[in-house]
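Report on the structure given below.
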Amino acid sequence: MKVGVLTGGGDCAGINAVIRAVVRRAADRDIEIVGIRRGWAGLLEPDLVPLNYDQVADIISLGGTILLTSRTNPFKKDGGPQLVMKNVKDSRIDALVAIGGEDTLGVAHRLADYGLKAVGVPKTIDNDLSETDVTFGFDSAINVAVDAIDRVRTTGMSHERVMVVEVMGRDAGWIALHAGIASGAHVILVPEEEFDIDSICETIMARRKAGKNFTLVVAAEGARVKLKHGQVTSAQDVDQFGHPKLGGIGHLLAGEIEKATQFETRDVVLGHTLRGGSPLAFDRVLSTRLGVAAIDLVLRGGFDRMVALRGNAIVDVEIGDAIKAKPLDEGLLSVGRLFS
Ligand code: F6P
């Protein structure tokens, strides 16, 4: 049996650990693994590399993806899906392990109608896939965020400033909420709820009145300002999945806060820092378990399904259900509100 493995969408810590586990489990089961480079792009214009035991040695701690990634959507190209299927067939690939988020797995799901046999592995720092308690990459990302915010805190306190930290999170506030709670932020802004600049300024003023001259604001890049406009973008164009390039809410907010309160305000964008670097132990273990489970799922013929974490168990779920956005946990949101 020959199984292809690809990584699509934004990278994150832990992808290489999944690839390693896929290759190791496959070797154990006499399955040949071929790596597909740059996500779906590597099946539109075939770019395949054989992957064996030696090539994945010592990559468990390596950030990024050795297979490279892209945001290529075969459904945006005339005849794209048919071309992918032809190349899968010509390469004698029997099944595919797709490591990705809603976009990459969404393509795998749609290609099932064209005969693709794929299993999914949930990857994204945004943690916004349904049917899994967590996606790999998320834990490492929030720990990078908290470490950085702790540093922002000490300089902000010393200068008695308002510090606005922008974190990733396009349509989901999981990163902002977790990093905000863990770093003791005074204001947490998530894309799921529109926010009002006046009320943030009132919070800052009230803190000053109470003798607290430092305020920490953690904002998801996708946070929306009430009544003014939608999300803040850093470019006009959208990617092949229709996503705008977000960025700039932190800067906008810092300017508005300084104008309204007259307090010195600075903004810091953590952005891609959250996606880079080595996975932490939690993600290394989760990625390894998911990679092993993905090959086991292929062997069981569980196609159009995704491996997932539920409690402490690895299970498998419909990809079609998993790609629906995971709503923020209401309980956690109310805990966040208590402190911010
Ligand atoms: O992969 C998800 C994500 O990290 C989002 O949080 C963010 O909006 C996006 O990727 C940024 O993507 P790119 O690297 O293409 O700018």
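Please note that chains go A, B, ... in the order of the structure tokens, that every chain numbers its residues from 1, and that ligands are numbered from 1 in the order shown.
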
**Prompt:** Which chains and residue numbers are within 7 Å of ligand 1, counting only C-alpha atoms and all ligand atoms, if I want them as a ChimeraX atom specification?
**Reply:** /A:9-11,124-126,168-170,245-246,272,275

**Request:** Using only C-alpha atoms, determine which residues lie at most 8 Å from segment 35-45 of chain A, disregarding the query and same-chain residues fewer than 3 positions distant; provide the list as a PyMOL selection string.
**Result:** chain A and resi 4-9+48-51+67-74+80+83-84+87-88+104

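Coordinates place atom CA of Ala17 of chain A at a distance of 9.2 Å from atom CA of Thr65 of chain A.
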
Excluding His251 of chain A and its own-chain neighbours fewer than 2 positions away, which residues fall within 8 Å of it when counting only C-alpha atoms? Please give them as a PDB file with C-alpha atoms, in the first residue's frame.
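Below is the file that was written, result-v9.pdb:
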ATOM      1  CA  VAL A 164      -1.918  46.324  23.306  1.00  0.00           C
ATOM      2  CA  GLY A 248      -3.496  46.105  12.264  1.00  0.00           C
ATOM      3  CA  ILE A 249      -6.232  45.994  14.895  1.00  0.00           C
ATOM      4  CA  LEU A 253      -6.648  50.369  18.910  1.00  0.00           C
ATOM      5  CA  ALA A 254      -3.475  51.752  20.476  1.00  0.00           C
ATOM      6  CA  GLY A 255      -3.910  54.987  18.518  1.00  0.00           C
ATOM      7  CA  ARG A 266       2.166  50.947  22.596  1.00  0.00           C
ATOM      8  CA  ASP A 267       1.218  47.993  20.450  1.00  0.00           C
ATOM      9  CA  VAL A 268       3.024  44.735  19.767  1.00  0.00           C
TER      10      VAL A 268
END

**Message:** I want to know what sits within 8 Å of Ala260 of chain A, based on only C-alpha atoms, with residues of the same chain fewer than 3 positions away left out; could you give that as a PyMOL selection string?
**Reply:** chain A and resi 201+256-257

How about saving the chosen residues, all heavy atoms kept, as a JSON list (two decimals), in the first residue's frame?
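Generated file (again-v2.json):
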[["chain", "number", "residue", "atom", "x", "y", "z"],
["A", 201, "CYS", "N", -11.73, 52.28, 26.85],
["A", 201, "CYS", "CA", -11.11, 53.49, 27.42],
["A", 201, "CYS", "C", -11.64, 53.75, 28.83],
["A", 201, "CYS", "O", -10.88, 54.14, 29.73],
["A", 201, "CYS", "CB", -11.36, 54.70, 26.52],
["A", 201, "CYS", "SG", -10.48, 54.54, 24.95],
["A", 256, "GLU", "N", -6.26, 54.85, 19.01],
["A", 256, "GLU", "CA", -7.56, 55.35, 19.52],
["A", 256, "GLU", "C", -7.50, 55.51, 21.04],
["A", 256, "GLU", "O", -8.03, 56.48, 21.60],
["A", 256, "GLU", "CB", -8.68, 54.38, 19.16],
["A", 256, "GLU", "CG", -8.91, 54.23, 17.67],
["A", 256, "GLU", "CD", -9.77, 55.33, 17.10],
["A", 256, "GLU", "OE1", -10.58, 55.90, 17.84],
["A", 256, "GLU", "OE2", -9.62, 55.64, 15.88],
["A", 257, "ILE", "N", -6.87, 54.55, 21.72],
["A", 257, "ILE", "CA", -6.80, 54.61, 23.18],
["A", 257, "ILE", "C", -5.98, 55.82, 23.62],
["A", 257, "ILE", "O", -6.37, 56.59, 24.51],
["A", 257, "ILE", "CB", -6.19, 53.30, 23.76],
["A", 257, "ILE", "CG1", -7.17, 52.13, 23.58],
["A", 257, "ILE", "CG2", -5.81, 53.45, 25.23],
["A", 257, "ILE", "CD1", -6.59, 50.76, 23.90]]

**Close residues, segment 212-216 of chain A itself excluded, 8 Å, only C-alpha atoms, min 5 positions apart in chain, as a PyMOL selection string** = chain A and resi 153+156-157+160-165+185-187+204+207

Per-residue nearest contacts of segment 152-194 of chain A to segment 334-338 of chain A (9 Å; only C-alpha atoms) as JSON lines:
{"residue": "A:Leu177", "atom": "CA", "partner": "A:Gly336", "partner_atom": "CA", "distance": 6.7}
{"residue": "A:His178", "atom": "CA", "partner": "A:Gly336", "partner_atom": "CA", "distance": 8.4}
{"residue": "A:Gly180", "atom": "CA", "partner": "A:Gly336", "partner_atom": "CA", "distance": 7.7}
{"residue": "A:Ile181", "atom": "CA", "partner": "A:Gly336", "partner_atom": "CA", "distance": 5.8}
{"residue": "A:Ala185", "atom": "CA", "partner": "A:Gly336", "partner_atom": "CA", "distance": 9.0}
{"residue": "A:Val187", "atom": "CA", "partner": "A:Arg337", "partner_atom": "CA", "distance": 8.5}
{"residue": "A:Ile188", "atom": "CA", "partner": "A:Gly336", "partner_atom": "CA", "distance": 7.5}

**Request:** Extract, using only C-alpha atoms, all DNA, RNA and protein residues at most 10 Å from Leu116 of chain A, discarding same-chain residues fewer than 2 positions from it, and format them as a PyMOL selection string.
**Result:** chain A and resi 81+84-85+88-89+93-96+108-114+118-119+303-304

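Candidate residues A:Gly331, A:Gly100, A:Gly276, A:Gly291 were compared for distance to Ile19 of chain A, and the nearest is A:Gly291, using only C-alpha atoms.
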
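Residue nearest Leu299 of chain A within the list A:Val97, A:Leu286, A:Leu62, A:Ala182: A:Val97 [criterion: smallest interatomic distance, only C-alpha atoms].
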